[in-house]
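Peer 1: Got a file for you: target_25.txt, compact mmCIF, C-alpha atoms.
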# COMPACT_ATOMS: atom_id res chain seq x y z
CA MET S 17 61.03 57.05 -20.36
CA SER S 18 61.09 56.95 -24.09
CA ALA S 19 58.40 55.53 -26.31
CA TRP S 20 60.54 52.55 -27.16
CA GLU S 21 61.07 51.65 -23.52
CA ARG S 22 57.38 51.89 -22.82
CA TRP S 23 56.59 49.55 -25.67
CA TRP S 24 59.34 47.20 -24.48
CA ASN S 25 58.00 47.08 -20.93
CA ALA S 26 54.47 46.50 -22.17
CA GLY S 27 55.66 43.61 -24.33
CA LYS S 28 57.52 42.02 -21.39
CA LYS S 29 54.49 42.32 -19.17
CA LEU S 30 52.30 40.76 -21.82
CA LEU S 31 54.79 37.95 -22.30
CA HIS S 32 54.96 37.23 -18.54
CA ARG S 33 51.22 37.22 -18.24
CA ASP S 34 50.79 34.82 -21.14
CA ARG S 35 53.36 32.49 -19.61
CA GLY S 36 52.42 32.67 -15.92
CA THR S 37 48.63 33.02 -15.73
CA PRO S 38 45.83 31.57 -17.81
CA ARG S 39 44.37 33.96 -20.34
CA GLN S 40 41.27 35.75 -19.13
CA PRO S 41 38.30 36.07 -21.47
CA ARG S 42 37.94 39.57 -22.88
CA SER S 43 34.68 40.58 -21.42
CA GLY S 44 33.44 43.11 -18.87
CA PRO S 45 34.22 46.74 -18.32
CA GLY S 46 38.00 46.33 -18.59
CA ALA S 47 37.89 44.67 -22.02
CA GLY S 48 38.41 47.88 -23.95
CA GLN S 49 41.27 49.19 -21.78
CA GLY S 50 44.03 47.47 -23.71
CA SER S 51 46.03 44.35 -23.13
CA ALA S 52 48.06 45.85 -20.23
CA ALA S 53 45.06 45.97 -17.79
CA GLY S 54 45.75 43.79 -14.66
CA PRO S 55 43.52 42.65 -11.75
CA GLY S 56 44.21 45.84 -9.78
CA GLU S 57 43.22 47.91 -12.76
CA LYS S 58 40.03 45.88 -13.16
CA ARG S 59 39.28 46.42 -9.50
CA GLY S 60 39.87 50.15 -9.95
CA LEU S 61 37.54 50.20 -12.89
CA SER S 62 34.79 48.42 -11.00
CA ASN S 63 35.33 50.85 -8.13
CA TRP S 64 35.00 53.69 -10.58
CA VAL S 65 31.80 52.19 -12.01
CA GLU S 66 30.51 51.63 -8.52
CA ASP S 67 31.30 55.19 -7.48
CA ARG S 68 29.75 56.50 -10.65
CA ALA S 69 26.60 54.46 -10.12
CA GLN S 70 26.43 55.60 -6.54
CA ARG S 71 26.80 59.22 -7.60
CA VAL S 72 24.09 58.79 -10.22
CA VAL S 73 21.75 57.17 -7.73
CA GLU S 74 22.49 59.82 -5.12
CA HIS S 75 21.89 62.57 -7.63
CA ALA S 76 18.63 60.98 -8.71
CA TYR S 77 17.61 60.49 -5.09
CA GLU S 78 18.47 64.07 -4.15
CA SER S 79 16.63 65.45 -7.14
CA HIS S 80 13.50 63.45 -6.30
CA ALA S 81 13.71 63.37 -2.51
CA GLN S 82 12.10 66.79 -2.08
CA ASP S 83 9.25 65.92 -4.40
CA LEU S 84 8.81 62.54 -2.74
CA GLU S 85 8.80 64.21 0.66
CA HIS S 86 6.14 66.70 -0.43
CA ARG S 87 4.01 63.95 -1.92
CA ALA S 88 4.37 61.78 1.16
CA MET S 89 3.50 64.76 3.33
CA ARG S 90 0.38 65.51 1.27
CA VAL S 91 -0.71 61.87 1.37
CA MET S 92 -0.12 61.58 5.10
CA THR S 93 -1.90 64.89 5.75
CA SER S 94 -4.96 63.86 3.78
CA VAL S 95 -5.01 60.44 5.44
CA TYR S 96 -4.62 62.05 8.86
CA GLU S 97 -7.41 64.54 8.17
CA LYS S 98 -9.72 61.78 7.02
CA SER S 99 -8.83 59.68 10.05
CA ALA S 100 -9.24 62.65 12.40
CA ASP S 101 -12.69 63.49 10.99
CA ASP S 102 -13.72 59.87 11.25
CA LEU S 103 -12.41 59.59 14.80
CA GLU S 104 -14.15 62.81 15.80
CA GLU S 105 -17.42 61.61 14.37
CA ARG S 106 -17.09 58.23 16.06
CA ALA S 107 -16.21 59.85 19.39
CA ALA S 108 -19.22 62.19 19.15
CA ARG S 109 -21.50 59.25 18.34
CA ALA S 110 -20.12 57.20 21.23
CA LEU S 111 -20.49 60.14 23.63
CA ARG S 112 -24.05 60.77 22.49
CA ARG S 113 -24.91 57.10 22.95
CA ALA S 114 -23.35 57.11 26.42
CA ILE S 115 -25.29 60.23 27.43
CA GLU S 116 -28.53 58.76 26.10
CA ALA S 117 -27.89 55.49 27.93
CA GLU S 118 -27.10 57.32 31.16
CA ALA S 119 -30.22 59.50 30.83
CA GLU S 120 -32.30 56.40 30.18
CA HIS S 121 -30.75 54.72 33.21
CA ILE S 122 -31.56 57.74 35.44
CA LYS S 123 -35.08 57.91 34.06
CA ASP S 124 -35.61 54.20 34.73
CA ALA S 125 -34.29 54.57 38.28
CA ILE S 126 -36.63 57.53 38.95
CA GLU S 127 -39.60 55.65 37.51
CA HIS S 128 -38.72 52.62 39.62
CA GLY S 129 -38.53 54.80 42.74
CA ILE S 130 -41.92 56.36 41.99
CA GLU S 131 -43.44 52.91 41.45
CA VAL S 132 -42.04 51.73 44.78
CA LYS S 133 -43.47 54.80 46.52
CA LYS S 134 -46.82 54.19 44.86
CA ARG S 135 -46.90 50.65 46.21
CA GLU S 136 -45.93 51.79 49.69
CA VAL S 137 -48.64 54.47 49.72
CA ARG S 138 -51.18 51.98 48.35
CA LEU S 139 -50.34 49.42 51.01
CA SER S 140 -50.59 52.01 53.80
CA LEU S 141 -53.93 53.31 52.54
CA LEU S 142 -55.20 49.78 52.11
CA VAL S 143 -54.30 48.88 55.67
CA LEU S 144 -56.01 52.00 56.98
CA VAL S 145 -59.12 51.41 54.88
CA VAL S 146 -59.41 47.76 55.86
CA SER S 147 -58.94 48.53 59.55
CA SER S 148 -61.51 51.32 59.33
CA LEU S 149 -63.97 49.00 57.60
CA VAL S 150 -63.38 46.23 60.14
CA TYR S 151 -63.95 48.46 63.07
CA LEU S 152 -66.89 50.13 61.38
CA ALA S 153 -68.43 46.70 60.95
CA LEU S 154 -67.73 45.92 64.58
CA TYR S 155 -69.31 49.21 65.60
CA TRP S 156 -72.34 48.45 63.46
CA ILE S 157 -72.64 44.96 64.94
CA THR S 158 -72.33 46.16 68.52
CA ASN S 159 -74.66 49.14 68.14
CA ARG S 160 -77.27 47.78 65.77
CA PRO S 161 -80.83 48.17 67.02
CA ALA S 162 -82.34 45.21 68.69
CA ALA S 163 -84.63 43.06 66.63
CA PRO S 164 -88.34 43.47 67.35
CA MET D 25 -65.19 56.96 78.94
CA ILE D 26 -63.98 57.03 75.34
CA ASP D 27 -66.05 55.31 72.72
CA PRO D 28 -64.30 52.18 71.24
CA TYR D 29 -64.91 53.28 67.67
CA THR D 30 -63.53 56.73 68.42
CA PHE D 31 -60.50 55.08 69.97
CA ILE D 32 -59.97 52.92 66.91
CA ARG D 33 -60.44 55.91 64.65
CA LEU D 34 -57.84 57.81 66.63
CA VAL D 35 -55.49 54.85 66.41
CA THR D 36 -55.89 54.57 62.65
CA VAL D 37 -55.49 58.32 62.17
CA SER D 38 -52.37 58.25 64.32
CA LEU D 39 -51.05 55.31 62.34
CA GLY D 40 -51.72 57.17 59.09
CA LEU D 41 -50.00 60.26 60.41
CA VAL D 42 -46.95 58.25 61.52
CA TRP D 43 -46.70 56.51 58.19
CA THR D 44 -47.10 59.80 56.37
CA ALA D 45 -44.38 61.37 58.49
CA THR D 46 -41.98 58.46 57.95
CA ALA D 47 -42.76 58.50 54.23
CA LEU D 48 -41.99 62.22 54.10
CA ILE D 49 -38.73 61.68 55.97
CA ARG D 50 -37.71 58.90 53.58
CA LEU D 51 -38.75 61.07 50.66
CA VAL D 52 -36.52 63.92 51.84
CA ARG D 53 -33.66 61.48 52.37
CA ASN D 54 -34.07 59.91 48.94
CA ALA D 55 -34.38 63.35 47.35
CA GLY D 56 -31.06 64.31 48.96
CA ASP D 57 -29.41 61.17 47.62
CA TRP D 58 -30.76 61.80 44.14
CA LYS D 59 -29.69 65.41 44.31
CA GLU D 60 -26.14 64.30 45.01
CA LYS D 61 -26.28 61.76 42.19
CA LEU D 62 -27.65 64.27 39.69
CA ALA D 63 -25.36 67.11 40.77
CA PRO D 64 -23.34 66.92 37.48
CA LEU D 65 -26.52 67.89 35.60
CA HIS D 66 -26.58 71.25 37.44
CA LEU D 67 -30.31 71.28 38.05
CA ASP D 68 -31.48 74.52 39.62
CA GLU D 69 -33.32 74.44 42.94
CA ARG D 70 -36.68 75.50 41.47
CA SER D 71 -36.86 72.78 38.85
CA TRP D 72 -35.55 70.27 41.37
CA ARG D 73 -38.40 71.06 43.82
CA ARG D 74 -40.84 70.94 40.94
CA TRP D 75 -39.68 67.46 39.99
CA ILE D 76 -39.91 66.30 43.62
CA ALA D 77 -43.46 67.67 43.87
CA ILE D 78 -44.43 65.93 40.65
CA ALA D 79 -42.98 62.66 41.96
CA CYS D 80 -44.93 63.00 45.23
CA LEU D 81 -48.14 63.75 43.37
CA ARG D 82 -47.58 60.83 41.03
CA ALA D 83 -47.05 58.51 43.99
CA THR D 84 -50.20 59.66 45.79
CA VAL D 85 -53.14 61.49 44.27
CA LEU D 86 -52.21 61.13 40.60
CA ASP D 87 -52.39 57.35 40.91
CA PRO D 88 -56.06 56.34 40.41
CA LEU D 89 -56.02 53.47 42.88
CA ASN D 90 -54.28 55.49 45.58
CA LEU D 91 -56.68 58.37 45.01
CA ALA D 92 -59.66 56.05 45.33
CA LEU D 93 -58.29 54.57 48.56
CA LEU D 94 -57.61 58.03 49.92
CA CYS D 95 -61.14 59.20 49.13
CA LEU D 96 -62.57 56.06 50.69
CA LEU D 97 -60.49 56.54 53.82
CA ILE D 98 -61.57 60.16 54.15
CA ALA D 99 -65.18 59.11 53.67
CA LEU D 100 -64.85 56.42 56.33
CA TRP D 101 -63.21 58.82 58.78
CA THR D 102 -65.89 61.45 58.29
CA LEU D 103 -68.85 59.15 58.81
CA PRO D 104 -71.17 60.62 61.46
CA VAL D 105 -70.91 57.63 63.76
CA GLY D 106 -69.63 57.10 67.24
CA GLY D 107 -68.27 59.93 69.31
Re-express the file's structure as C-alpha cells.
Peer 2:
Amino acid sequence: MSAWERWWNAGKKLLHRDRGTPRQPRSGPGAGQGSAAGPGEKRGLSNWVEDRAQRVVEHAYESHAQDLEHRAMRVMTSVYEKSADDLEERAARALRRAIEAEAEHIKDAIEHGIEVKKREVRLSLLVLVVSSLVYLALYWITNRPAAP
Amino acid sequence: MIDPYTFIRLVTVSLGLVWTATALIRLVRNAGDWKEKLAPLHLDERSWRRWIAIACLRATVLDPLNLALLCLLIALWTLPVGG
C-alpha cells in the first residue's frame, strides 16, 4: 500500500468516526497516539499499561521479597525466642510452686497424723492412769488401818 | 487367792499392752500407706525408718504431757502395795 492510499484510508476512517460516533475527549493514555486510535486500540493500550504495571510491581516484589522474608524471619525468631524464654521461666515457676505446695501438703498431713497419734496415746495413758488411781484409792480405803 | 489390787493392776497392764500392740499395728499399717504415697520421692529405707522412729518418739515420749502421764503410770505401777 502506497503512502497516498494510507493517508486516504485514514481520512475516510476519521470522516466516518466524526459522522457516526460522538467525539471523545482527548484525554488518557491514548491521547497522544494520533487521531486513528479506536476503542480496541485504547483497550490494547490499557492492557499494555496494566501489563507494564504488573511487571513493575512483580519486579519490585521479587527484588524485595527475599529481604522481606529475611526480616520477617529475624523478627519472628526474636519474638519466638523471647516467648520461649518467658514460657520456660513461667513453667519453671509454676512447677516450683506446685512442688512447694505438694511438699507443704505432705508435711501438713504428716503433722496431722502425728497430732492424732499424740491424742490417742494421751487418751490411752490417761485412762490407765485414772484407773490406776481409782483402784489405788479403793485399795487404800479397803486396807487403811482401823481408827483407834 | 489373788489380791484385788494385783488383779486390777494386771488388768490395766494388759489393757496398756493391748493398746500398745494395736497402736503399733496401726502405725505399721499407716507407715506402709505413707510409704506407697511417698514412693515418687524415692526415700531410702534408712531415712524412712528414721522418720518413722522420729514420728513415734514425737507421739509418745517427746510430747511433755504424754511423757508426764507415762512417768506417772510407771510410778503408780511400781508402788510397793498389794501383792
Peer 1: Quick one: of D:Ala55, D:Leu34, D:Leu48, D:Leu100, who's nearest to chain S, counting all atoms listed in the file?
Peer 2: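 Looking at the shortest contact to chain S, the residue is D:Leu100.
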Peer 1: Find the residues around Leu142 (chain S) up to 10 Å (all atoms listed in the file counted), leave out those fewer than 2 positions away in its own chain, and share them as a PDB file with C-alpha atoms, keeping the file's coordinate frame.
Peer 2:
ATOM      1  CA  GLU S 136     -45.930  51.790  49.690  1.00  0.00           C
ATOM      2  CA  VAL S 137     -48.640  54.470  49.720  1.00  0.00           C
ATOM      3  CA  ARG S 138     -51.180  51.980  48.350  1.00  0.00           C
ATOM      4  CA  LEU S 139     -50.340  49.420  51.010  1.00  0.00           C
ATOM      5  CA  SER S 140     -50.590  52.010  53.800  1.00  0.00           C
ATOM      6  CA  LEU S 144     -56.010  52.000  56.980  1.00  0.00           C
ATOM      7  CA  VAL S 145     -59.120  51.410  54.880  1.00  0.00           C
ATOM      8  CA  VAL S 146     -59.410  47.760  55.860  1.00  0.00           C
ATOM      9  CA  SER S 147     -58.940  48.530  59.550  1.00  0.00           C
ATOM     10  CA  SER S 148     -61.510  51.320  59.330  1.00  0.00           C
TER      11      SER S 148
ATOM     12  CA  LEU D  89     -56.020  53.470  42.880  1.00  0.00           C
ATOM     13  CA  ASN D  90     -54.280  55.490  45.580  1.00  0.00           C
ATOM     14  CA  LEU D  93     -58.290  54.570  48.560  1.00  0.00           C
ATOM     15  CA  LEU D  94     -57.610  58.030  49.920  1.00  0.00           C
ATOM     16  CA  LEU D  96     -62.570  56.060  50.690  1.00  0.00           C
ATOM     17  CA  LEU D  97     -60.490  56.540  53.820  1.00  0.00           C
TER      18      LEU D  97
END
Peer 1: To one decimal place, how far is CA of Val65 (chain S) from CA of Ala26 (chain S) in Å?
Peer 2: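 For CA of Val65 (chain S) relative to CA of Ala26 (chain S), the distance reads 25.5 Å.
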Peer 1: Counting all atoms listed in the file, which residue out of D:Thr102, D:Ala47, D:Gly40, D:Tyr29 sits closest to Ala83 (chain D)?
Peer 2: D:Ala47
Peer 1: Any idea what the distance is between CA of Ala77 (chain D) and CA of Arg33 (chain D)?
Peer 2: 29.3 Å
Peer 1: Kindly determine which residues of chain S lie within 12 Å of chain D, considering only C-alpha atoms, and give the answer as JSON, numbers by chain.
Peer 2: {"S": [115, 118, 119, 121, 122, 123, 125, 126, 127, 128, 129, 130, 131, 132, 133, 134, 135, 136, 137, 138, 139, 140, 141, 142, 143, 144, 145, 146, 147, 148, 149, 150, 151, 152, 153, 154, 155, 156, 157, 158, 159, 160]}
Peer 1: For the atom pair CA of Arg113 (chain S) and CA of Asp101 (chain S), what is the interatomic distance in Å to one decimal place?
Peer 2: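 CA of Arg113 (chain S) sits 18.3 Å away from CA of Asp101 (chain S).
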Peer 1: Let me make sure I understand: among D:Pro104, D:Trp72, D:Val42, D:Pro88, which one has the smallest atom-to-atom distance to Gly56 (chain D) if we use all atoms listed in the file?
Peer 2: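 Among the listed residues, D:Trp72 lies closest to Gly56 (chain D).
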